[in-house]
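Text of coords17.txt (compact mmCIF, C-alpha atoms and all ligand atoms) as supplied:
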```
# COMPACT_ATOMS: atom_id res chain seq x y z
CA MET A 1 6.14 51.01 -85.89
CA SER A 2 5.61 52.24 -89.45
CA PRO A 3 2.35 52.12 -91.40
CA ARG A 4 2.31 49.22 -93.84
CA TYR A 5 2.40 51.39 -96.95
CA ASP A 6 6.04 52.03 -96.21
CA VAL A 7 6.93 48.48 -97.24
CA PRO A 8 7.02 48.64 -101.07
CA LYS A 9 9.09 51.81 -101.04
CA ALA A 10 11.54 51.08 -98.25
CA ALA A 11 14.98 52.46 -99.05
CA PRO A 12 17.90 50.03 -99.29
CA GLU A 13 20.25 49.94 -96.32
CA PRO A 14 21.93 52.02 -95.08
CA LEU A 15 19.75 54.80 -96.51
CA ARG A 16 16.81 53.10 -94.83
CA GLN A 17 18.15 54.55 -91.56
CA VAL A 18 17.49 58.09 -92.79
CA GLN A 19 14.05 57.10 -94.03
CA LEU A 20 13.16 55.51 -90.68
CA LEU A 21 14.03 58.73 -88.84
CA VAL A 22 12.04 60.90 -91.28
CA ASN A 23 9.12 58.47 -91.03
CA SER A 24 9.17 58.43 -87.24
CA ALA A 25 6.32 60.92 -87.66
CA ASP A 26 3.17 60.62 -89.70
CA VAL A 27 2.75 64.33 -90.42
CA GLU A 28 -0.63 63.98 -92.05
CA ASN A 29 -2.17 62.09 -89.14
CA GLU A 30 -0.16 63.92 -86.46
CA VAL A 31 1.38 60.78 -85.00
CA ASP A 32 4.92 60.97 -83.61
CA TRP A 33 6.94 57.84 -82.82
CA LEU A 34 10.18 59.75 -82.11
CA PRO A 35 10.44 58.60 -78.46
CA ASP A 36 10.29 54.97 -79.70
CA TRP A 37 12.87 55.68 -82.41
CA LEU A 38 15.23 57.11 -79.78
CA ALA A 39 14.64 54.33 -77.25
CA GLU A 40 15.29 51.64 -79.89
CA ARG A 41 18.69 53.24 -80.53
CA GLY A 42 19.71 53.69 -76.90
CA LEU A 43 19.02 57.42 -76.78
CA GLY A 44 17.05 59.15 -74.06
CA SER A 45 14.27 61.69 -74.11
CA GLU A 46 16.86 64.48 -73.63
CA GLU A 47 17.67 64.03 -77.34
CA VAL A 48 14.08 64.60 -78.51
CA GLU A 49 14.56 68.23 -79.53
CA ARG A 50 17.83 67.60 -81.37
CA ALA A 51 16.31 64.56 -83.08
CA ARG A 52 13.15 66.40 -84.09
CA GLU A 53 15.09 69.34 -85.48
CA LEU A 54 17.29 67.01 -87.52
CA ARG A 55 14.32 64.93 -88.65
CA GLU A 56 12.39 67.93 -89.95
CA ALA A 57 15.50 69.31 -91.66
CA LEU A 58 16.01 65.96 -93.39
CA ARG A 59 12.34 65.90 -94.34
CA LEU A 60 12.75 69.30 -96.05
CA LEU A 61 15.84 68.01 -97.88
CA VAL A 62 14.04 64.92 -99.17
CA LEU A 63 11.11 67.16 -100.16
CA ALA A 64 13.68 69.14 -102.15
CA ASN A 65 14.55 65.82 -103.86
CA ASN A 66 10.90 65.89 -104.98
CA GLY A 67 10.92 69.35 -106.54
CA ARG A 68 10.55 71.70 -103.55
CA PRO A 69 13.07 74.55 -103.21
CA VAL A 70 15.85 73.81 -100.72
CA ASP A 71 15.13 75.27 -97.28
CA PRO A 72 18.08 77.35 -95.98
CA HIS A 73 17.36 76.55 -92.32
CA ALA A 74 17.37 72.82 -93.09
CA VAL A 75 20.79 73.26 -94.69
CA GLU A 76 22.03 75.03 -91.54
CA VAL A 77 20.71 72.30 -89.24
CA VAL A 78 22.32 69.51 -91.25
CA ASN A 79 25.58 71.43 -91.59
CA ALA A 80 25.70 71.89 -87.81
CA ALA A 81 25.00 68.18 -87.31
CA ALA A 82 27.70 67.29 -89.85
CA ARG A 83 30.54 69.10 -88.08
CA GLY A 84 31.54 65.99 -86.13
CA LEU A 85 31.76 63.81 -89.22
CA ALA A 86 34.99 62.91 -90.98
CA LEU A 87 35.75 61.65 -94.46
CA GLY A 88 38.02 58.64 -94.66
CA LEU A 89 38.86 55.44 -96.50
CA ASP A 90 37.82 51.95 -95.47
CA ALA A 91 40.07 48.88 -95.73
CA THR A 92 39.22 48.47 -99.43
CA GLY A 93 40.19 52.06 -100.19
CA SER A 94 36.59 53.20 -100.63
CA LEU A 95 35.49 56.58 -99.39
CA THR A 96 33.49 56.50 -96.17
CA VAL A 97 31.86 59.10 -93.98
CA GLY A 98 32.92 58.34 -90.43
CA GLY A 99 33.45 59.82 -87.02
CA ALA A 100 29.81 59.25 -86.15
CA GLY A 101 28.90 59.20 -82.47
CA ASP A 102 25.31 58.29 -81.65
CA ALA A 103 22.45 57.13 -83.85
CA LEU A 104 21.61 60.69 -84.94
CA ASP A 105 25.21 61.29 -86.08
CA GLN A 106 25.02 57.96 -87.87
CA VAL A 107 21.91 59.10 -89.78
CA VAL A 108 23.73 62.24 -90.93
CA ALA A 109 26.75 60.14 -91.98
CA VAL A 110 24.47 57.85 -93.99
CA ALA A 111 22.81 60.85 -95.69
CA PHE A 112 26.22 62.22 -96.70
CA GLY A 113 27.35 58.79 -97.87
CA ALA A 114 24.25 58.60 -100.10
CA MET A 115 25.01 62.06 -101.48
CA LEU A 116 28.49 60.80 -102.37
CA ASP A 117 27.29 57.58 -104.00
CA GLY A 118 24.42 59.21 -105.89
CA THR A 119 21.48 57.42 -104.26
CA TRP A 120 20.38 60.42 -102.17
CA GLY A 121 18.22 61.89 -104.96
CA ARG A 122 16.01 58.80 -104.86
CA LEU A 123 15.04 59.37 -101.23
CA LYS A 124 12.05 61.68 -101.43
CA ALA A 125 9.16 62.94 -99.36
CA CYS A 126 5.65 62.73 -100.75
CA ARG A 127 4.38 66.09 -101.98
CA ASN A 128 1.03 65.44 -100.37
CA CYS A 129 1.63 63.78 -96.99
CA HIS A 130 5.42 64.32 -96.52
CA TRP A 131 6.01 60.61 -95.90
CA SER A 132 9.46 59.55 -97.08
CA PHE A 133 9.70 56.91 -99.82
CA TYR A 134 12.45 55.55 -102.02
CA ASP A 135 11.96 56.19 -105.72
CA TYR A 136 12.62 52.89 -107.54
CA SER A 137 11.36 54.18 -110.89
CA PRO A 138 13.97 53.99 -113.68
CA ASN A 139 13.80 57.70 -114.48
CA ARG A 140 13.43 58.89 -110.85
CA SER A 141 10.03 60.42 -111.60
CA ALA A 142 7.95 59.17 -108.63
CA THR A 143 6.10 61.95 -106.84
CA TRP A 144 3.79 60.22 -104.35
CA CYS A 145 4.37 57.84 -101.45
CA SER A 146 1.69 55.67 -102.98
CA MET A 147 -0.60 56.18 -105.95
CA GLN A 148 -3.52 54.74 -103.93
CA LEU A 149 -2.97 56.87 -100.84
CA CYS A 150 -1.85 60.20 -102.27
CA GLY A 151 -1.64 60.12 -106.05
CA ASN A 152 -5.29 59.26 -106.56
CA ARG A 153 -6.48 61.49 -103.76
CA THR A 154 -4.63 64.43 -105.28
CA LYS A 155 -6.06 63.58 -108.66
CA THR A 156 -9.53 63.34 -107.14
CA ARG A 157 -9.14 66.76 -105.53
CA ALA A 158 -7.96 68.28 -108.81
CA TYR A 159 -10.90 66.63 -110.54
CA ARG A 160 -13.36 68.02 -107.96
CA ARG A 161 -11.82 71.48 -108.30
CA ARG A 162 -12.29 71.33 -112.04
CA GLN A 163 -15.87 70.16 -111.59
CA ALA A 164 -16.57 72.92 -109.07
CA SER A 165 -15.26 75.61 -111.39
CA LEU A 166 -17.43 74.49 -114.33
ZN ZN A 201 1.77 60.60 -99.56
```
Transcribe the structure of this file into structure tokens.
Ligand SMILES: [Zn+2]
Amino acid sequence: MSPRYDVPKAAPEPLRQVQLLVNSADVENEVDWLPDWLAERGLGSEEVERARELREALRLLVLANNGRPVDPHAVEVVNAAARGLALGLDATGSLTVGGAGDALDQVVAVAFGAMLDGTWGRLKACRNCHWSFYDYSPNRSATWCSMQLCGNRTKTRAYRRRQASL
């Protein structure tokens, strides 16, 4: 389902579930696997609009984890989706985000859980292609989904611009 360059920067579970939803579209190449994502999770095509709205809101939030300003509409969408969630404790006394209904609610619960445990900031979207990747670098400084695919291309463009302006 996902292009192979997702593999080295796959997020750990359960945050992977958020990443898989965000990456159910390849924005740069205009490919959308959302119907497959829904079908694999027992949801029908009637959820496409809700899923797409949530996906793009989450994409904007993980772009914000990569230096973009936070989008107010994305905040509204996620807040609306979060209304059915509930904080609680599991059997070990650890804080959990629960009350999740379907797979989309589950994704929102996982995102909130990651915000609570501090791993959320490592889930980013590439500044160039908007593909979501998990930042494994020790100082959380990764900017691109892949240096080969986007980092070098961006550098090449910057280089060409400099050459053109000489
Ligand atoms: Zn990229």
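For segment 50-63 of chain A, the set of protein, DNA and RNA residues having any atom at most 7 Å away, when counting all atoms listed in the file and skipping those fewer than 4 positions along the same chain, is Leu21, Val22, Gly67, Arg68, Val70, Asp71, Ala74, Val77, Val78, Leu104, Leu123, Lys124 and Ala125 of chain A.
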Convert the current residue selection to file output with C-alpha atoms, as an mmCIF file, keeping the file's coordinate frame.
```
data_model
loop_
_atom_site.group_PDB
_atom_site.id
_atom_site.type_symbol
_atom_site.label_atom_id
_atom_site.label_comp_id
_atom_site.auth_asym_id
_atom_site.auth_seq_id
_atom_site.Cartn_x
_atom_site.Cartn_y
_atom_site.Cartn_z
ATOM 1 C CA LEU A 21 14.030 58.730 -88.840
ATOM 2 C CA VAL A 22 12.040 60.900 -91.280
ATOM 3 C CA GLY A 67 10.920 69.350 -106.540
ATOM 4 C CA ARG A 68 10.550 71.700 -103.550
ATOM 5 C CA VAL A 70 15.850 73.810 -100.720
ATOM 6 C CA ASP A 71 15.130 75.270 -97.280
ATOM 7 C CA ALA A 74 17.370 72.820 -93.090
ATOM 8 C CA VAL A 77 20.710 72.300 -89.240
ATOM 9 C CA VAL A 78 22.320 69.510 -91.250
ATOM 10 C CA LEU A 104 21.610 60.690 -84.940
ATOM 11 C CA LEU A 123 15.040 59.370 -101.230
ATOM 12 C CA LYS A 124 12.050 61.680 -101.430
ATOM 13 C CA ALA A 125 9.160 62.940 -99.360
#
```
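Nearest to ligand ZN 201 (chain A) of all the residues A:Arg162, A:Arg153, A:Arg140, A:His130 is A:His130, based on only C-alpha atoms and all ligand atoms.
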Margin query: How would you report the residues lying within 9 Å of ligand ZN 201 (chain A), as JSON, numbers by chain, if you count only C-alpha atoms and all ligand atoms?
Written below: {"A": [28, 125, 126, 127, 128, 129, 130, 131, 132, 133, 143, 144, 145, 146, 147, 149, 150, 151]}
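Of note, atom CA of Glu40 of chain A and atom CA of Val110 of chain A are spaced 17.9 Å apart.
For the atom pair formed by atom CA of Val108 of chain A and atom CA of Leu87 of chain A, the distance is 12.5 Å, given to one decimal.
Within 12 Å of the file-frame point (18.7, 60.1, -109.0), and using all atoms listed in the file, the polymer residues found are Val62, Asn65, Asn66, Ala114, Met115, Leu116, Asp117, Gly118, Thr119, Trp120, Gly121, Arg122, Leu123, Lys124, Tyr134, Asp135, Tyr136, Ser137, Pro138, Asn139, Arg140, Ser141 and Ala142 of chain A.
Atom pair atom CA of Pro8 of chain A / atom CA of Ala158 of chain A: separated by 25.9 Å.
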